[in-house]
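Source file target_15.tsv; content: TSV, N, CA and C atoms.
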```
chain	number	residue	atom	x	y	z
A	285	MET	N	-13.47	-18.38	12.70
A	285	MET	CA	-13.12	-17.00	12.49
A	285	MET	C	-11.63	-16.94	12.14
A	286	THR	N	-11.31	-16.27	11.06
A	286	THR	CA	-9.92	-16.20	10.63
A	286	THR	C	-9.14	-15.20	11.46
A	287	ILE	N	-7.84	-15.31	11.37
A	287	ILE	CA	-6.96	-14.41	12.12
A	287	ILE	C	-7.13	-12.98	11.65
A	288	THR	N	-7.30	-12.79	10.34
A	288	THR	CA	-7.48	-11.45	9.79
A	288	THR	C	-8.74	-10.80	10.34
A	289	LYS	N	-9.81	-11.58	10.45
A	289	LYS	CA	-11.07	-11.05	10.98
A	289	LYS	C	-10.93	-10.69	12.45
A	290	LYS	N	-10.21	-11.52	13.22
A	290	LYS	CA	-9.99	-11.22	14.64
A	290	LYS	C	-9.19	-9.95	14.81
A	291	VAL	N	-8.13	-9.79	14.00
A	291	VAL	CA	-7.30	-8.59	14.08
A	291	VAL	C	-8.12	-7.36	13.71
A	292	SER	N	-8.97	-7.49	12.71
A	292	SER	CA	-9.82	-6.37	12.30
A	292	SER	C	-10.82	-5.99	13.39
A	293	LEU	N	-11.42	-6.99	14.03
A	293	LEU	CA	-12.35	-6.72	15.13
A	293	LEU	C	-11.64	-6.05	16.30
A	294	ILE	N	-10.50	-6.58	16.68
A	294	ILE	CA	-9.75	-6.01	17.81
A	294	ILE	C	-9.27	-4.60	17.48
A	295	GLY	N	-8.79	-4.40	16.26
A	295	GLY	CA	-8.33	-3.08	15.85
A	295	GLY	C	-9.44	-2.04	15.85
A	296	SER	N	-10.61	-2.41	15.36
A	296	SER	CA	-11.72	-1.45	15.34
A	296	SER	C	-12.21	-1.16	16.76
A	297	LEU	N	-12.19	-2.17	17.63
A	297	LEU	CA	-12.57	-1.92	19.03
A	297	LEU	C	-11.56	-1.01	19.73
A	298	VAL	N	-10.28	-1.17	19.42
A	298	VAL	CA	-9.25	-0.30	20.00
A	298	VAL	C	-9.46	1.13	19.52
A	299	ILE	N	-9.78	1.30	18.25
A	299	ILE	CA	-10.03	2.65	17.71
A	299	ILE	C	-11.22	3.29	18.41
A	300	ILE	N	-12.31	2.54	18.55
A	300	ILE	CA	-13.51	3.09	19.18
A	300	ILE	C	-13.24	3.47	20.64
A	301	VAL	N	-12.58	2.58	21.37
A	301	VAL	CA	-12.34	2.84	22.79
A	301	VAL	C	-11.37	3.99	22.99
A	302	SER	N	-10.28	4.01	22.23
A	302	SER	CA	-9.28	5.06	22.43
A	302	SER	C	-9.80	6.44	22.03
A	303	ILE	N	-10.40	6.55	20.88
A	303	ILE	CA	-10.91	7.85	20.45
A	303	ILE	C	-12.14	8.25	21.26
A	304	GLY	N	-12.96	7.27	21.63
A	304	GLY	CA	-14.12	7.56	22.48
A	304	GLY	C	-13.72	8.05	23.86
A	305	SER	N	-12.69	7.43	24.43
A	305	SER	CA	-12.24	7.89	25.75
A	305	SER	C	-11.59	9.27	25.66
A	306	TYR	N	-10.89	9.55	24.56
A	306	TYR	CA	-10.36	10.90	24.37
A	306	TYR	C	-11.50	11.91	24.23
A	307	GLY	N	-12.57	11.52	23.54
A	307	GLY	CA	-13.72	12.40	23.41
A	307	GLY	C	-14.39	12.68	24.74
A	308	VAL	N	-14.50	11.66	25.59
A	308	VAL	CA	-15.07	11.85	26.92
A	308	VAL	C	-14.17	12.75	27.76
A	309	TYR	N	-12.86	12.56	27.67
A	309	TYR	CA	-11.91	13.41	28.38
A	309	TYR	C	-12.04	14.87	27.92
A	310	GLU	N	-12.12	15.07	26.62
A	310	GLU	CA	-12.30	16.42	26.06
A	310	GLU	C	-13.61	17.03	26.55
A	311	TRP	N	-14.65	16.23	26.60
A	311	TRP	CA	-15.96	16.70	27.01
A	311	TRP	C	-15.94	17.12	28.48
A	312	ILE	N	-15.26	16.35	29.33
A	312	ILE	CA	-15.20	16.67	30.75
A	312	ILE	C	-14.33	17.89	31.01
A	313	THR	N	-13.16	17.97	30.38
A	313	THR	CA	-12.23	19.07	30.67
A	313	THR	C	-12.59	20.36	29.94
A	314	LYS	N	-12.91	20.28	28.67
A	314	LYS	CA	-13.17	21.49	27.87
A	314	LYS	C	-14.65	21.77	27.67
A	315	GLU	N	-15.50	20.83	28.06
A	315	GLU	CA	-16.95	20.92	27.90
A	315	GLU	C	-17.38	21.09	26.45
A	316	MET	N	-16.62	20.45	25.55
A	316	MET	CA	-16.99	20.42	24.13
A	316	MET	C	-16.31	19.24	23.46
A	317	ILE	N	-16.91	18.76	22.41
A	317	ILE	CA	-16.35	17.64	21.65
A	317	ILE	C	-16.13	18.13	20.22
A	318	GLY	N	-14.95	17.87	19.70
A	318	GLY	CA	-14.63	18.30	18.34
A	318	GLY	C	-15.31	17.43	17.30
A	319	ALA	N	-15.48	18.00	16.12
A	319	ALA	CA	-16.11	17.26	15.03
A	319	ALA	C	-15.23	16.10	14.57
A	320	ALA	N	-13.92	16.27	14.66
A	320	ALA	CA	-13.01	15.19	14.25
A	320	ALA	C	-13.15	13.99	15.17
A	321	THR	N	-13.36	14.22	16.46
A	321	THR	CA	-13.53	13.12	17.40
A	321	THR	C	-14.79	12.33	17.07
A	322	ILE	N	-15.87	13.02	16.81
A	322	ILE	CA	-17.12	12.35	16.46
A	322	ILE	C	-16.97	11.59	15.15
A	323	PHE	N	-16.30	12.20	14.17
A	323	PHE	CA	-16.10	11.56	12.87
A	323	PHE	C	-15.30	10.27	13.02
A	324	PHE	N	-14.21	10.31	13.78
A	324	PHE	CA	-13.36	9.13	13.90
A	324	PHE	C	-14.00	8.04	14.76
A	325	VAL	N	-14.84	8.40	15.71
A	325	VAL	CA	-15.58	7.37	16.47
A	325	VAL	C	-16.55	6.66	15.54
A	326	PHE	N	-17.27	7.40	14.72
A	326	PHE	CA	-18.19	6.77	13.78
A	326	PHE	C	-17.45	5.99	12.69
A	327	LEU	N	-16.27	6.44	12.32
A	327	LEU	CA	-15.45	5.67	11.38
A	327	LEU	C	-15.05	4.33	12.00
A	328	GLY	N	-14.69	4.35	13.28
A	328	GLY	CA	-14.38	3.10	13.97
A	328	GLY	C	-15.58	2.18	14.07
A	329	ILE	N	-16.76	2.74	14.32
A	329	ILE	CA	-17.98	1.94	14.36
A	329	ILE	C	-18.28	1.34	12.99
A	330	GLY	N	-18.06	2.12	11.94
A	330	GLY	CA	-18.23	1.59	10.59
A	330	GLY	C	-17.28	0.45	10.29
A	331	LEU	N	-16.02	0.59	10.71
A	331	LEU	CA	-15.06	-0.49	10.53
A	331	LEU	C	-15.44	-1.72	11.34
A	332	LEU	N	-16.01	-1.52	12.52
A	332	LEU	CA	-16.47	-2.65	13.33
A	332	LEU	C	-17.58	-3.41	12.62
A	333	PHE	N	-18.58	-2.69	12.10
A	333	PHE	CA	-19.67	-3.35	11.39
A	333	PHE	C	-19.17	-4.06	10.14
A	334	GLN	N	-18.21	-3.45	9.44
A	334	GLN	CA	-17.66	-4.07	8.24
A	334	GLN	C	-16.92	-5.35	8.60
A	335	SER	N	-16.17	-5.33	9.68
A	335	SER	CA	-15.42	-6.54	10.05
A	335	SER	C	-16.33	-7.63	10.60
A	336	ILE	N	-17.47	-7.25	11.19
A	336	ILE	CA	-18.41	-8.27	11.67
A	336	ILE	C	-19.09	-8.97	10.49
A	337	THR	N	-19.48	-8.22	9.47
A	337	THR	CA	-20.19	-8.79	8.34
A	337	THR	C	-19.27	-9.31	7.25
A	338	TRP	N	-17.98	-9.18	7.45
A	338	TRP	CA	-17.00	-9.60	6.47
A	338	TRP	C	-16.99	-11.11	6.38
A	339	GLY	N	-17.14	-11.65	5.20
A	339	GLY	CA	-17.16	-13.11	5.07
A	339	GLY	C	-17.12	-13.53	3.62
A	340	GLU	N	-17.52	-14.75	3.40
A	340	GLU	CA	-17.52	-15.33	2.07
A	340	GLU	C	-18.70	-14.74	1.28
A	341	MET	N	-18.43	-14.29	0.08
A	341	MET	CA	-19.46	-13.61	-0.70
A	341	MET	C	-20.62	-14.54	-1.08
A	342	ASN	N	-20.33	-15.80	-1.33
A	342	ASN	CA	-21.37	-16.73	-1.76
A	342	ASN	C	-22.04	-17.44	-0.61
A	343	GLY	N	-21.67	-17.16	0.60
A	343	GLY	CA	-22.26	-17.82	1.75
A	343	GLY	C	-21.42	-19.00	2.20
A	344	VAL	N	-21.71	-19.50	3.37
A	344	VAL	CA	-20.93	-20.58	3.97
A	344	VAL	C	-21.14	-21.89	3.23
A	345	ASN	N	-22.37	-22.23	2.92
A	345	ASN	CA	-22.69	-23.53	2.33
A	345	ASN	C	-22.83	-23.49	0.82
A	346	GLU	N	-22.51	-22.39	0.20
A	346	GLU	CA	-22.73	-22.27	-1.25
A	346	GLU	C	-21.80	-23.19	-2.03
A	347	GLY	N	-20.61	-23.44	-1.52
A	347	GLY	CA	-19.67	-24.31	-2.23
A	347	GLY	C	-20.11	-25.76	-2.27
A	348	LYS	N	-20.98	-26.18	-1.36
A	348	LYS	CA	-21.44	-27.57	-1.29
A	348	LYS	C	-22.59	-27.86	-2.25
A	349	LYS	N	-23.19	-26.83	-2.82
A	349	LYS	CA	-24.33	-27.03	-3.71
A	349	LYS	C	-23.84	-27.33	-5.13
A	350	ASP	N	-24.68	-28.04	-5.87
A	350	ASP	CA	-24.33	-28.26	-7.27
A	350	ASP	C	-24.83	-27.08	-8.11
A	351	GLU	N	-24.58	-27.14	-9.40
A	351	GLU	CA	-24.87	-26.00	-10.27
A	351	GLU	C	-26.36	-25.67	-10.34
A	352	LEU	N	-27.22	-26.66	-10.31
A	352	LEU	CA	-28.66	-26.42	-10.39
A	352	LEU	C	-29.17	-25.74	-9.13
A	353	GLU	N	-28.68	-26.14	-7.97
A	353	GLU	CA	-29.09	-25.48	-6.71
A	353	GLU	C	-28.62	-24.04	-6.66
A	354	LYS	N	-27.40	-23.78	-7.14
A	354	LYS	CA	-26.91	-22.41	-7.17
A	354	LYS	C	-27.76	-21.55	-8.09
A	355	HIS	N	-28.19	-22.11	-9.21
A	355	HIS	CA	-29.02	-21.35	-10.14
A	355	HIS	C	-30.39	-21.04	-9.55
A	356	ASN	N	-30.97	-21.98	-8.81
A	356	ASN	CA	-32.30	-21.77	-8.23
A	356	ASN	C	-32.28	-20.79	-7.08
A	357	THR	N	-31.22	-20.77	-6.28
A	357	THR	CA	-31.19	-19.87	-5.11
A	357	THR	C	-30.56	-18.53	-5.43
A	358	GLY	N	-29.82	-18.40	-6.47
A	358	GLY	CA	-29.11	-17.15	-6.74
A	358	GLY	C	-29.70	-16.45	-7.86
```

Could you quickly redo this structure as structure tokens?
Amino acid sequence: MTITKKVSLIGSLVIIVSIGSYGVYEWITKEMIGAATIFFVFLGIGLLFQSITWGEMNGVNEGKKDELEKHNTG
């Protein structure tokens, strides 16, 4: 796992936890959750999924194949 991917995973988890905890605090004190809070939590979840699936476009072992194998599988 590259450093960039680790930073992206940690950053998206920080976004989810911080905005989610603010949403829970808002829900407990004001008994309502704003649309912006819900939007940004789902944006953080989207960034988390993007950083999890982020990788090499051709696959891990695609560089080891010769041209005929790449043509047959792709």

**Request:** One decimal, Å: what's the distance from atom N of A:Lys314 over to atom CA of A:Phe326, could you say?
**Result:**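 Here the two named atoms are 20.8 Å from each other.
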
**Item:** Long-range neighbours of A:Ser296 as a list in words, 8 Å cut-off, all atoms listed in the file, 2 positions minimum in chain
**Value:**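 Within the cut-off, the hits are Lys290, Val291, Ser292, Leu293, Ile294, Val298, Ile299, Ile300, Val301, Ser302, Leu327, Gly328, Ile329, Gly330, Leu331, Leu332 and Phe333 of chain A.
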
Adding 3 Å on each side of the box along x, y and z that holds all listed atoms of stretch 298-314 of chain A, could you give its centre and edge lengths in Å to one decimal, as JSON?
```
{"center_x": -12.6, "center_y": 10.3, "center_z": 24.4, "size_x": 12.7, "size_y": 28.9, "size_z": 19.3}
```
